[in-house]
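> One structure, pasted below without further comment.
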Amino acid sequence: MLKRLALGLLLAVALVIGSLWLLTGISPRQIPSAIALATGLGAKLACSGQYISGFDHERIADDLASYSALTRLLEIRAGSRNDVEANMPVGLAAVARYRPGLGCTLEYANDSPLDAVEMEQPIIDTTRAWPAGAQAGPVDAQVAALLSDMLAADNAGGLDTRALLVVQDGRILAEAYGPGISKDTPLLGWSMGKSIIAILVGRLEALDRLSMAEQNLFPAWSADTRAGISVENLLQMTSGLEFREDYVPGSDATRMLFSSPSASAVALESALVHSPGSFFAYSSGTTNLLAQLVYERVGASAQAQMDFIAAELGRPLALEGTILEPDASGVVVGSSFVYAPARDWARFGLLLLDGGKINGQRLLSEDWVVRATAPNQSDNDPRYGYQLWLNSGGGELRWPSLPADSYAMQGNRSQFVMMLPSLRAVVVRLGWSASDYPVDANVSRIAAALEFP
């Protein structure tokens, strides 16, 4: 009997190894980290896709496979505790659990600090005009037709655009949604969440609880040169910390997101390889250091963190369905795991566009927004502000067809919230494009329609 079990296990392992070679070209040396990545990615995105976005199994499987064909080998099943398990044929698995208001978190222990968190339910005023309420107002027929045509063309070309929305002068002009998506569907923004963490940092400054020039940020850095890293260095991705952002098995980024109970722990251990402020290097790890810093400054508990987010962002912005998902330690994974409907993403953009004010309240100082959208001082690429991508700042324009003052939140799969200050406009695009999306060309078409209303 034992021999049969051992033979069955060996055959299962051989099947997985053979499938890995055929599907992905992954070598035997990479197999352990590749399986850890596939199961973690599978459990996390399947859980959030099902419980937050309301996607069916087919869409979830296709979304996962767009990252790696290895995920086609996963058996994904829902459990009895609002959890989802992703299992490889060899028996290796990962589990993510959904909690209302908190979204999904990969499980690493039976006892979680998240179990005790009480979440506030958003109050949606259906009588007031957006952004204070849910009433969108009259549609601009010209812009609506453009968005409808653009969405159809995107999806005919395999770009999988799920939401398009345009705001000008503080009101929604038009919005368009793909199959199975509505104005109420929370969608993953990936790295657009970085900009929300920056906004939280800016809010702490407005409350005199944090300074952008502050250094010596973590006890682990106090005895070495990392003590010289400032909050602004982290915001501008010029910390000088070494961090492998490539999304391959075993990299810093994939370990941080899919196999570590604490997303900030990986970057917290990173070595300093450049003088702070001198070199721009895109790093999701630095965003999660900022999230850890916010967590500590607002009370160092998951409950205090969520209460702060609700009080200082959720209620003032009148957010309808935004979820910042935490890691197993309780800290939100701001680099990557924020879900929100298109209208909420537009609210964040409008807050920045209007200099830190929204719904009659000032959340950020006007000076902070100016600094957030100003070029950094790095030697290699100044076109990045406080977790925001800038069109100008040195050398050629990032989006040559757009006004020089444009800036954006951007996320993997070509998610973006584009701010166009000279046109008093915000453009939101959410989707799942495995190939390059024509950001410059499409937004310039929208900009042209806005210039001549």
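Residues in the structure tokens are named by chain (A, B, ... in the order shown) and by number from 1 within that chain; ligands are numbered from 1 in the order shown.
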Looking only at strand (DSSP E or B) from DSSP on the backbone, list the matching residues of region 199-431 of chain A as a ChimeraX atom specification.

/A:241,272,323-324,326,332,338-340,357-358,361-362,384,389-390,407-411,415-420,425-431

> Using only C-alpha atoms, which protein or nucleic acid residues come within 7 Å of Asp184 (chain A)? Drop anything in the same chain fewer than 2 positions from it, and give the result as number ranges by chain.

A: 182, 186, 341

> Please list as a ChimeraX atom specification every residue within 7 Å of region 91-104 of chain A, counting only C-alpha atoms and excluding residues in the same chain fewer than 3 positions away.

/A:39-40,43-44,47-48,51-52,82-88,107,119,323-326

> Residues of the last selection are to be written out with all heavy atoms, as a short mmCIF file (atom, residue, chain, number, x, y, z; two decimals), in the first residue's frame.


```
data_model
loop_
_atom_site.label_atom_id
_atom_site.label_comp_id
_atom_site.auth_asym_id
_atom_site.auth_seq_id
_atom_site.Cartn_x
_atom_site.Cartn_y
_atom_site.Cartn_z
N THR A 39 0.47 28.97 -6.49
CA THR A 39 -0.58 28.70 -5.51
C THR A 39 -0.97 29.96 -4.75
O THR A 39 -2.15 30.21 -4.51
CB THR A 39 -0.15 27.60 -4.52
OG1 THR A 39 1.10 27.96 -3.91
CG2 THR A 39 0.01 26.26 -5.23
N GLY A 40 0.02 30.78 -4.37
CA GLY A 40 -0.28 32.03 -3.67
C GLY A 40 -1.06 33.00 -4.54
O GLY A 40 -2.08 33.57 -4.12
N ALA A 43 -4.69 31.49 -5.15
CA ALA A 43 -5.61 31.61 -4.02
C ALA A 43 -6.02 33.05 -3.78
O ALA A 43 -7.20 33.36 -3.59
CB ALA A 43 -4.97 31.03 -2.76
N LYS A 44 -5.04 33.95 -3.82
CA LYS A 44 -5.33 35.36 -3.51
C LYS A 44 -6.25 35.99 -4.57
O LYS A 44 -7.28 36.61 -4.23
CB LYS A 44 -4.01 36.14 -3.44
CG LYS A 44 -4.15 37.65 -3.35
CD LYS A 44 -4.85 38.08 -2.08
CE LYS A 44 -5.21 39.55 -2.13
NZ LYS A 44 -6.19 39.90 -3.17
N CYS A 47 -9.79 34.36 -4.72
CA CYS A 47 -10.61 34.77 -3.58
C CYS A 47 -11.17 36.17 -3.80
O CYS A 47 -12.38 36.41 -3.68
CB CYS A 47 -9.78 34.71 -2.30
SG CYS A 47 -10.68 35.18 -0.80
N SER A 48 -10.31 37.12 -4.14
CA SER A 48 -10.75 38.50 -4.34
C SER A 48 -11.66 38.62 -5.56
O SER A 48 -12.64 39.37 -5.55
CB SER A 48 -9.54 39.43 -4.49
OG SER A 48 -8.75 39.42 -3.32
N TYR A 51 -15.15 37.04 -4.31
CA TYR A 51 -15.89 37.68 -3.23
C TYR A 51 -15.99 39.20 -3.35
O TYR A 51 -16.93 39.80 -2.81
CB TYR A 51 -15.26 37.32 -1.88
CG TYR A 51 -15.52 35.90 -1.45
CD1 TYR A 51 -14.52 34.94 -1.54
CD2 TYR A 51 -16.77 35.52 -0.97
CE1 TYR A 51 -14.75 33.62 -1.14
CE2 TYR A 51 -17.02 34.21 -0.58
CZ TYR A 51 -16.00 33.27 -0.67
OH TYR A 51 -16.25 31.97 -0.29
N ILE A 52 -15.03 39.83 -4.03
CA ILE A 52 -15.08 41.29 -4.16
C ILE A 52 -15.67 41.70 -5.50
O ILE A 52 -16.62 42.47 -5.57
CB ILE A 52 -13.67 41.91 -3.99
CG1 ILE A 52 -13.11 41.58 -2.60
CG2 ILE A 52 -13.73 43.42 -4.19
CD1 ILE A 52 -11.70 42.10 -2.36
N ASN A 82 -15.60 31.21 3.88
CA ASN A 82 -15.32 32.31 2.95
C ASN A 82 -13.86 32.30 2.51
O ASN A 82 -13.23 33.34 2.36
CB ASN A 82 -15.65 33.67 3.57
CG ASN A 82 -17.13 33.93 3.68
OD1 ASN A 82 -17.93 33.21 3.09
ND2 ASN A 82 -17.52 34.94 4.43
N ASP A 83 -13.33 31.10 2.31
CA ASP A 83 -11.95 30.97 1.88
C ASP A 83 -11.87 30.26 0.54
O ASP A 83 -12.82 29.63 0.09
CB ASP A 83 -11.09 30.25 2.93
CG ASP A 83 -11.63 28.89 3.32
OD1 ASP A 83 -12.62 28.44 2.71
OD2 ASP A 83 -11.09 28.27 4.24
N VAL A 84 -10.72 30.43 -0.10
CA VAL A 84 -10.47 29.79 -1.39
C VAL A 84 -9.11 29.10 -1.32
O VAL A 84 -8.12 29.72 -0.89
CB VAL A 84 -10.49 30.81 -2.54
CG1 VAL A 84 -9.99 30.17 -3.84
CG2 VAL A 84 -11.90 31.36 -2.74
N GLU A 85 -9.06 27.87 -1.74
CA GLU A 85 -7.81 27.11 -1.75
C GLU A 85 -7.38 26.85 -3.18
O GLU A 85 -8.19 26.47 -4.04
CB GLU A 85 -7.99 25.78 -1.02
CG GLU A 85 -6.72 24.93 -1.00
CD GLU A 85 -6.89 23.65 -0.21
OE1 GLU A 85 -7.28 23.73 0.97
OE2 GLU A 85 -6.63 22.56 -0.78
N ALA A 86 -6.10 27.09 -3.44
CA ALA A 86 -5.50 26.76 -4.73
C ALA A 86 -4.51 25.62 -4.51
O ALA A 86 -3.55 25.77 -3.75
CB ALA A 86 -4.79 27.97 -5.33
N ASN A 87 -4.76 24.50 -5.17
CA ASN A 87 -4.02 23.28 -4.89
C ASN A 87 -3.34 22.76 -6.14
O ASN A 87 -3.97 22.65 -7.19
CB ASN A 87 -4.99 22.22 -4.35
CG ASN A 87 -4.29 21.11 -3.62
OD1 ASN A 87 -3.39 20.49 -4.16
ND2 ASN A 87 -4.71 20.85 -2.40
N MET A 88 -2.05 22.43 -6.02
CA MET A 88 -1.31 21.78 -7.09
C MET A 88 -1.51 20.26 -7.00
O MET A 88 -1.77 19.74 -5.91
CB MET A 88 0.17 22.10 -7.00
CG MET A 88 0.57 23.38 -7.70
SD MET A 88 0.44 23.22 -9.48
CE MET A 88 0.91 24.89 -9.97
N GLU A 107 -3.61 33.10 4.09
CA GLU A 107 -3.56 32.59 5.46
C GLU A 107 -2.22 31.90 5.73
O GLU A 107 -1.75 31.09 4.92
CB GLU A 107 -4.70 31.60 5.68
CG GLU A 107 -6.10 32.20 5.49
CD GLU A 107 -6.59 32.90 6.73
OE1 GLU A 107 -7.16 32.24 7.61
OE2 GLU A 107 -6.42 34.15 6.80
N MET A 119 -15.42 46.34 10.77
CA MET A 119 -15.39 47.28 9.65
C MET A 119 -16.64 48.14 9.60
O MET A 119 -17.74 47.67 9.86
CB MET A 119 -15.22 46.52 8.33
CG MET A 119 -13.87 45.84 8.18
SD MET A 119 -12.49 47.00 8.21
CE MET A 119 -12.81 47.94 6.71
N ILE A 323 -11.84 48.86 -1.22
CA ILE A 323 -11.29 47.94 -0.22
C ILE A 323 -9.77 47.92 -0.34
O ILE A 323 -9.23 47.64 -1.41
CB ILE A 323 -11.85 46.51 -0.41
CG1 ILE A 323 -13.36 46.49 -0.17
CG2 ILE A 323 -11.15 45.53 0.53
CD1 ILE A 323 -14.00 45.15 -0.42
N LEU A 324 -9.10 48.24 0.77
CA LEU A 324 -7.65 48.10 0.86
C LEU A 324 -7.39 46.81 1.62
O LEU A 324 -7.65 46.72 2.83
CB LEU A 324 -7.02 49.29 1.58
CG LEU A 324 -6.89 50.60 0.80
CD1 LEU A 324 -8.23 51.33 0.70
CD2 LEU A 324 -5.86 51.52 1.46
N GLU A 325 -6.86 45.81 0.92
CA GLU A 325 -6.69 44.50 1.53
C GLU A 325 -5.40 44.43 2.36
O GLU A 325 -4.35 44.85 1.90
CB GLU A 325 -6.65 43.42 0.45
CG GLU A 325 -7.95 43.30 -0.33
CD GLU A 325 -7.87 42.22 -1.39
OE1 GLU A 325 -6.97 42.29 -2.25
OE2 GLU A 325 -8.70 41.30 -1.36
N PRO A 326 -5.48 43.88 3.57
CA PRO A 326 -4.28 43.75 4.40
C PRO A 326 -3.56 42.43 4.18
O PRO A 326 -4.13 41.47 3.64
CB PRO A 326 -4.85 43.81 5.82
CG PRO A 326 -6.22 43.20 5.68
CD PRO A 326 -6.70 43.53 4.29
#
```

> Report the distance between CA of Asn155 (chain A) and CA of Leu450 (chain A) in Å, rounded to one decimal place.

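Calculated distance between CA of Asn155 (chain A) and CA of Leu450 (chain A) is 23.4 Å.
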
> Which one of A:Ala267, A:Ala311, A:Ala46, A:Val166 sits closest to Ala65 (chain A) if you count only C-alpha atoms?

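Between A:Ala267, A:Ala311, A:Ala46, A:Val166, the residue approaching Ala65 (chain A) most closely is A:Ala46.
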
> Using only C-alpha atoms, which residues sit within 12 Å of Gly360 (chain A) once same-chain residues fewer than 6 positions away are excluded, as a list in words?

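So, after excluding close chain neighbours, the residues are Pro131, Ala132, Gly170, Pro316, Leu317, Ala318, Leu351 and Asp354 of chain A.
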
> How close does region 126-231 of chain A get to region 279-289 of chain A? List, as a tab-separated table, each residue of region 126-231 of chain A within 12 Å, its nearest atom pair and the distance in Å to one decimal, counting only C-alpha atoms.


```
residue	atom	partner	partner_atom	distance
A:Trp190	CA	A:Ser284	CA	10.3
A:Ser191	CA	A:Ser284	CA	7.9
A:Met192	CA	A:Ser284	CA	10.9
A:Gly193	CA	A:Thr287	CA	9.1
A:Lys194	CA	A:Thr287	CA	6.1
A:Ser195	CA	A:Thr287	CA	9.1
A:Ile196	CA	A:Thr287	CA	10.0
A:Ile197	CA	A:Thr287	CA	7.2
A:Ala198	CA	A:Thr287	CA	8.3
A:Ile199	CA	A:Thr287	CA	11.7
A:Leu200	CA	A:Thr287	CA	11.5
A:Val201	CA	A:Thr287	CA	10.7
A:Leu217	CA	A:Leu289	CA	9.4
A:Phe218	CA	A:Leu289	CA	9.2
A:Ile229	CA	A:Thr286	CA	10.8
A:Ser230	CA	A:Thr286	CA	11.2
A:Val231	CA	A:Leu289	CA	9.6
```

> How would the residues just chosen look if you wrote them out with C-alpha atoms as a PDB file, in the first residue's frame?


```pdb
ATOM      1  CA  TRP A 190      -2.699  46.796  -8.835  1.00  0.00           C
ATOM      2  CA  SER A 191      -0.083  49.546  -8.450  1.00  0.00           C
ATOM      3  CA  MET A 192      -2.630  52.348  -8.550  1.00  0.00           C
ATOM      4  CA  GLY A 193      -2.951  51.516  -4.858  1.00  0.00           C
ATOM      5  CA  LYS A 194       0.462  53.106  -4.398  1.00  0.00           C
ATOM      6  CA  SER A 195      -1.064  56.521  -5.022  1.00  0.00           C
ATOM      7  CA  ILE A 196      -3.656  55.878  -2.308  1.00  0.00           C
ATOM      8  CA  ILE A 197      -0.902  55.108   0.181  1.00  0.00           C
ATOM      9  CA  ALA A 198       0.736  58.409  -0.817  1.00  0.00           C
ATOM     10  CA  ILE A 199      -2.568  60.179  -0.143  1.00  0.00           C
ATOM     11  CA  LEU A 200      -2.703  58.589   3.322  1.00  0.00           C
ATOM     12  CA  VAL A 201       0.834  59.836   3.971  1.00  0.00           C
ATOM     13  CA  LEU A 217      11.927  55.646  10.077  1.00  0.00           C
ATOM     14  CA  PHE A 218      12.318  52.089  11.395  1.00  0.00           C
ATOM     15  CA  ILE A 229      16.198  57.510   4.049  1.00  0.00           C
ATOM     16  CA  SER A 230      13.377  60.040   4.277  1.00  0.00           C
ATOM     17  CA  VAL A 231       9.643  59.681   3.830  1.00  0.00           C
TER      18      VAL A 231
END
```

> Near region 120-123 of chain A, counting only C-alpha atoms, which residues have an atom at most 9 Å away, once you skip same-chain residues fewer than 6 positions from it, shown as JSON, numbers by chain?

{"A": [101, 306, 307, 310, 314, 315, 318, 319, 320, 321]}

> Take the residues from that selection and write them out as a PDB file, in the first residue's frame, keeping all heavy atoms.


```pdb
ATOM      1  N   GLY A 101     -15.375  43.816   4.026  1.00  0.00           N
ATOM      2  CA  GLY A 101     -14.740  45.111   4.236  1.00  0.00           C
ATOM      3  C   GLY A 101     -13.231  45.076   4.198  1.00  0.00           C
ATOM      4  O   GLY A 101     -12.580  46.103   3.984  1.00  0.00           O
ATOM      5  N   MET A 306      -7.685  50.634   9.979  1.00  0.00           N
ATOM      6  CA  MET A 306      -8.917  50.658   9.207  1.00  0.00           C
ATOM      7  C   MET A 306      -9.834  51.799   9.644  1.00  0.00           C
ATOM      8  O   MET A 306     -10.524  52.400   8.816  1.00  0.00           O
ATOM      9  CB  MET A 306      -9.630  49.314   9.317  1.00  0.00           C
ATOM     10  CG  MET A 306      -8.887  48.173   8.631  1.00  0.00           C
ATOM     11  SD  MET A 306      -8.569  48.537   6.868  1.00  0.00           S
ATOM     12  CE  MET A 306      -7.572  47.115   6.396  1.00  0.00           C
ATOM     13  N   ASP A 307      -9.839  52.110  10.937  1.00  0.00           N
ATOM     14  CA  ASP A 307     -10.624  53.246  11.416  1.00  0.00           C
ATOM     15  C   ASP A 307     -10.096  54.551  10.822  1.00  0.00           C
ATOM     16  O   ASP A 307     -10.881  55.434  10.450  1.00  0.00           O
ATOM     17  CB  ASP A 307     -10.581  53.313  12.940  1.00  0.00           C
ATOM     18  CG  ASP A 307     -11.378  52.199  13.608  1.00  0.00           C
ATOM     19  OD1 ASP A 307     -12.173  51.538  12.915  1.00  0.00           O
ATOM     20  OD2 ASP A 307     -11.191  51.987  14.826  1.00  0.00           O
ATOM     21  N   ALA A 310     -11.106  54.799   7.138  1.00  0.00           N
ATOM     22  CA  ALA A 310     -12.530  55.122   7.009  1.00  0.00           C
ATOM     23  C   ALA A 310     -12.794  56.588   7.342  1.00  0.00           C
ATOM     24  O   ALA A 310     -13.537  57.276   6.631  1.00  0.00           O
ATOM     25  CB  ALA A 310     -13.350  54.214   7.922  1.00  0.00           C
ATOM     26  N   GLY A 314     -12.445  57.312   3.564  1.00  0.00           N
ATOM     27  CA  GLY A 314     -13.719  56.724   3.173  1.00  0.00           C
ATOM     28  C   GLY A 314     -14.890  57.673   3.266  1.00  0.00           C
ATOM     29  O   GLY A 314     -15.625  57.869   2.291  1.00  0.00           O
ATOM     30  N   ARG A 315     -15.080  58.280   4.427  1.00  0.00           N
ATOM     31  CA  ARG A 315     -16.220  59.184   4.600  1.00  0.00           C
ATOM     32  C   ARG A 315     -16.033  60.504   3.855  1.00  0.00           C
ATOM     33  O   ARG A 315     -16.966  60.950   3.160  1.00  0.00           O
ATOM     34  CB  ARG A 315     -16.485  59.415   6.090  1.00  0.00           C
ATOM     35  CG  ARG A 315     -17.017  58.187   6.797  1.00  0.00           C
ATOM     36  CD  ARG A 315     -17.657  58.514   8.126  1.00  0.00           C
ATOM     37  NE  ARG A 315     -16.734  59.021   9.127  1.00  0.00           N
ATOM     38  CZ  ARG A 315     -16.030  58.238   9.963  1.00  0.00           C
ATOM     39  NH1 ARG A 315     -16.154  56.921   9.894  1.00  0.00           N
ATOM     40  NH2 ARG A 315     -15.231  58.773  10.851  1.00  0.00           N
ATOM     41  N   ALA A 318     -16.591  59.992   0.241  1.00  0.00           N
ATOM     42  CA  ALA A 318     -17.858  59.299  -0.046  1.00  0.00           C
ATOM     43  C   ALA A 318     -17.619  58.047  -0.878  1.00  0.00           C
ATOM     44  O   ALA A 318     -18.358  57.751  -1.825  1.00  0.00           O
ATOM     45  CB  ALA A 318     -18.842  60.237  -0.737  1.00  0.00           C
ATOM     46  N   LEU A 319     -16.577  57.287  -0.519  1.00  0.00           N
ATOM     47  CA  LEU A 319     -16.242  56.077  -1.259  1.00  0.00           C
ATOM     48  C   LEU A 319     -17.370  55.058  -1.136  1.00  0.00           C
ATOM     49  O   LEU A 319     -17.899  54.828  -0.050  1.00  0.00           O
ATOM     50  CB  LEU A 319     -14.934  55.485  -0.744  1.00  0.00           C
ATOM     51  CG  LEU A 319     -13.686  56.370  -0.897  1.00  0.00           C
ATOM     52  CD1 LEU A 319     -12.476  55.692  -0.254  1.00  0.00           C
ATOM     53  CD2 LEU A 319     -13.417  56.687  -2.360  1.00  0.00           C
ATOM     54  N   GLU A 320     -17.692  54.426  -2.253  1.00  0.00           N
ATOM     55  CA  GLU A 320     -18.827  53.508  -2.292  1.00  0.00           C
ATOM     56  C   GLU A 320     -18.430  52.042  -2.179  1.00  0.00           C
ATOM     57  O   GLU A 320     -19.222  51.222  -1.719  1.00  0.00           O
ATOM     58  CB  GLU A 320     -19.617  53.728  -3.582  1.00  0.00           C
ATOM     59  CG  GLU A 320     -20.193  55.133  -3.708  1.00  0.00           C
ATOM     60  CD  GLU A 320     -20.979  55.318  -4.990  1.00  0.00           C
ATOM     61  OE1 GLU A 320     -21.935  54.543  -5.217  1.00  0.00           O
ATOM     62  OE2 GLU A 320     -20.642  56.226  -5.782  1.00  0.00           O
ATOM     63  N   GLY A 321     -17.220  51.688  -2.626  1.00  0.00           N
ATOM     64  CA  GLY A 321     -16.885  50.266  -2.620  1.00  0.00           C
ATOM     65  C   GLY A 321     -15.395  49.987  -2.614  1.00  0.00           C
ATOM     66  O   GLY A 321     -14.965  48.936  -3.092  1.00  0.00           O
TER      67      GLY A 321
END
```

> Show me, as a count of residues only, the residues that have an atom within 9 Å of region 424-430 of chain A when counting only C-alpha atoms, minus same-chain residues fewer than 5 positions from it.

33

> Report as a list in words: the residues of region 65-199 of chain A with a DSSP assignment of alpha helix (DSSP H), based on the backbone of this structure.

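DSSP on the backbone gives alpha helix (DSSP H) at Ala65, Ala141, Gln142, Val143, Ala144, Ala145, Leu146, Leu147, Ser148, Asp149, Met150, Leu151, Ala152, Ala153, Asp154, Asn155, Ala156, Gly193, Lys194, Ser195, Ile196, Ile197, Ala198 and Ile199 of chain A.
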
> Skipping near chain neighbours, those fewer than 5 positions away, what residues fall within 12 Å of Gly228 (chain A) using only C-alpha atoms, listed as a ChimeraX atom specification?

/A:213-218,221-223,233-234,238-241,272,274-277

> Generate the output file for the selected residues, C-alpha atoms, as a compact mmCIF listing (two decimals), in the first residue's frame.


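Output below, filename again_1.txt:
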```txt
# COMPACT_ATOMS: atom_id res chain seq x y z
CA ALA A 213 11.62 65.13 5.53
CA GLU A 214 11.49 62.73 8.46
CA GLN A 215 14.28 60.14 8.65
CA ASN A 216 15.26 57.23 10.90
CA LEU A 217 11.93 55.65 10.08
CA PHE A 218 12.32 52.09 11.40
CA TRP A 221 17.58 50.93 10.15
CA SER A 222 18.72 53.00 13.11
CA ALA A 223 22.26 51.59 13.28
CA ASN A 233 12.64 59.30 -0.67
CA LEU A 234 10.20 56.42 -0.22
CA THR A 238 14.51 57.15 -4.61
CA SER A 239 15.21 55.34 -1.34
CA GLY A 240 18.33 53.66 -2.73
CA LEU A 241 17.19 50.29 -1.39
CA LEU A 272 21.16 50.32 0.57
CA HIS A 274 22.44 54.09 -3.79
CA SER A 275 22.57 57.30 -1.81
CA PRO A 276 19.01 58.25 -0.82
CA GLY A 277 17.48 60.67 -3.31
```

> Using only C-alpha atoms, pick whichever of A:Ala404, A:Met237, A:Val439, A:Ala144 has the shortest atom-to-atom distance to Ser378 (chain A).

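Nearest to Ser378 (chain A): A:Met237.
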
> Pick from A:Ser336, A:Ser401, A:Asn359, A:Gln303: nearest to Ala116 (chain A), with only C-alpha atoms counted?

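Among A:Ser336, A:Ser401, A:Asn359, A:Gln303, it is A:Gln303 that comes nearest to Ala116 (chain A).
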
> Figure out the distance between CA of Gly330 (chain A) and CA of Ser262 (chain A), please, to one decimal in Å.

8.2 Å
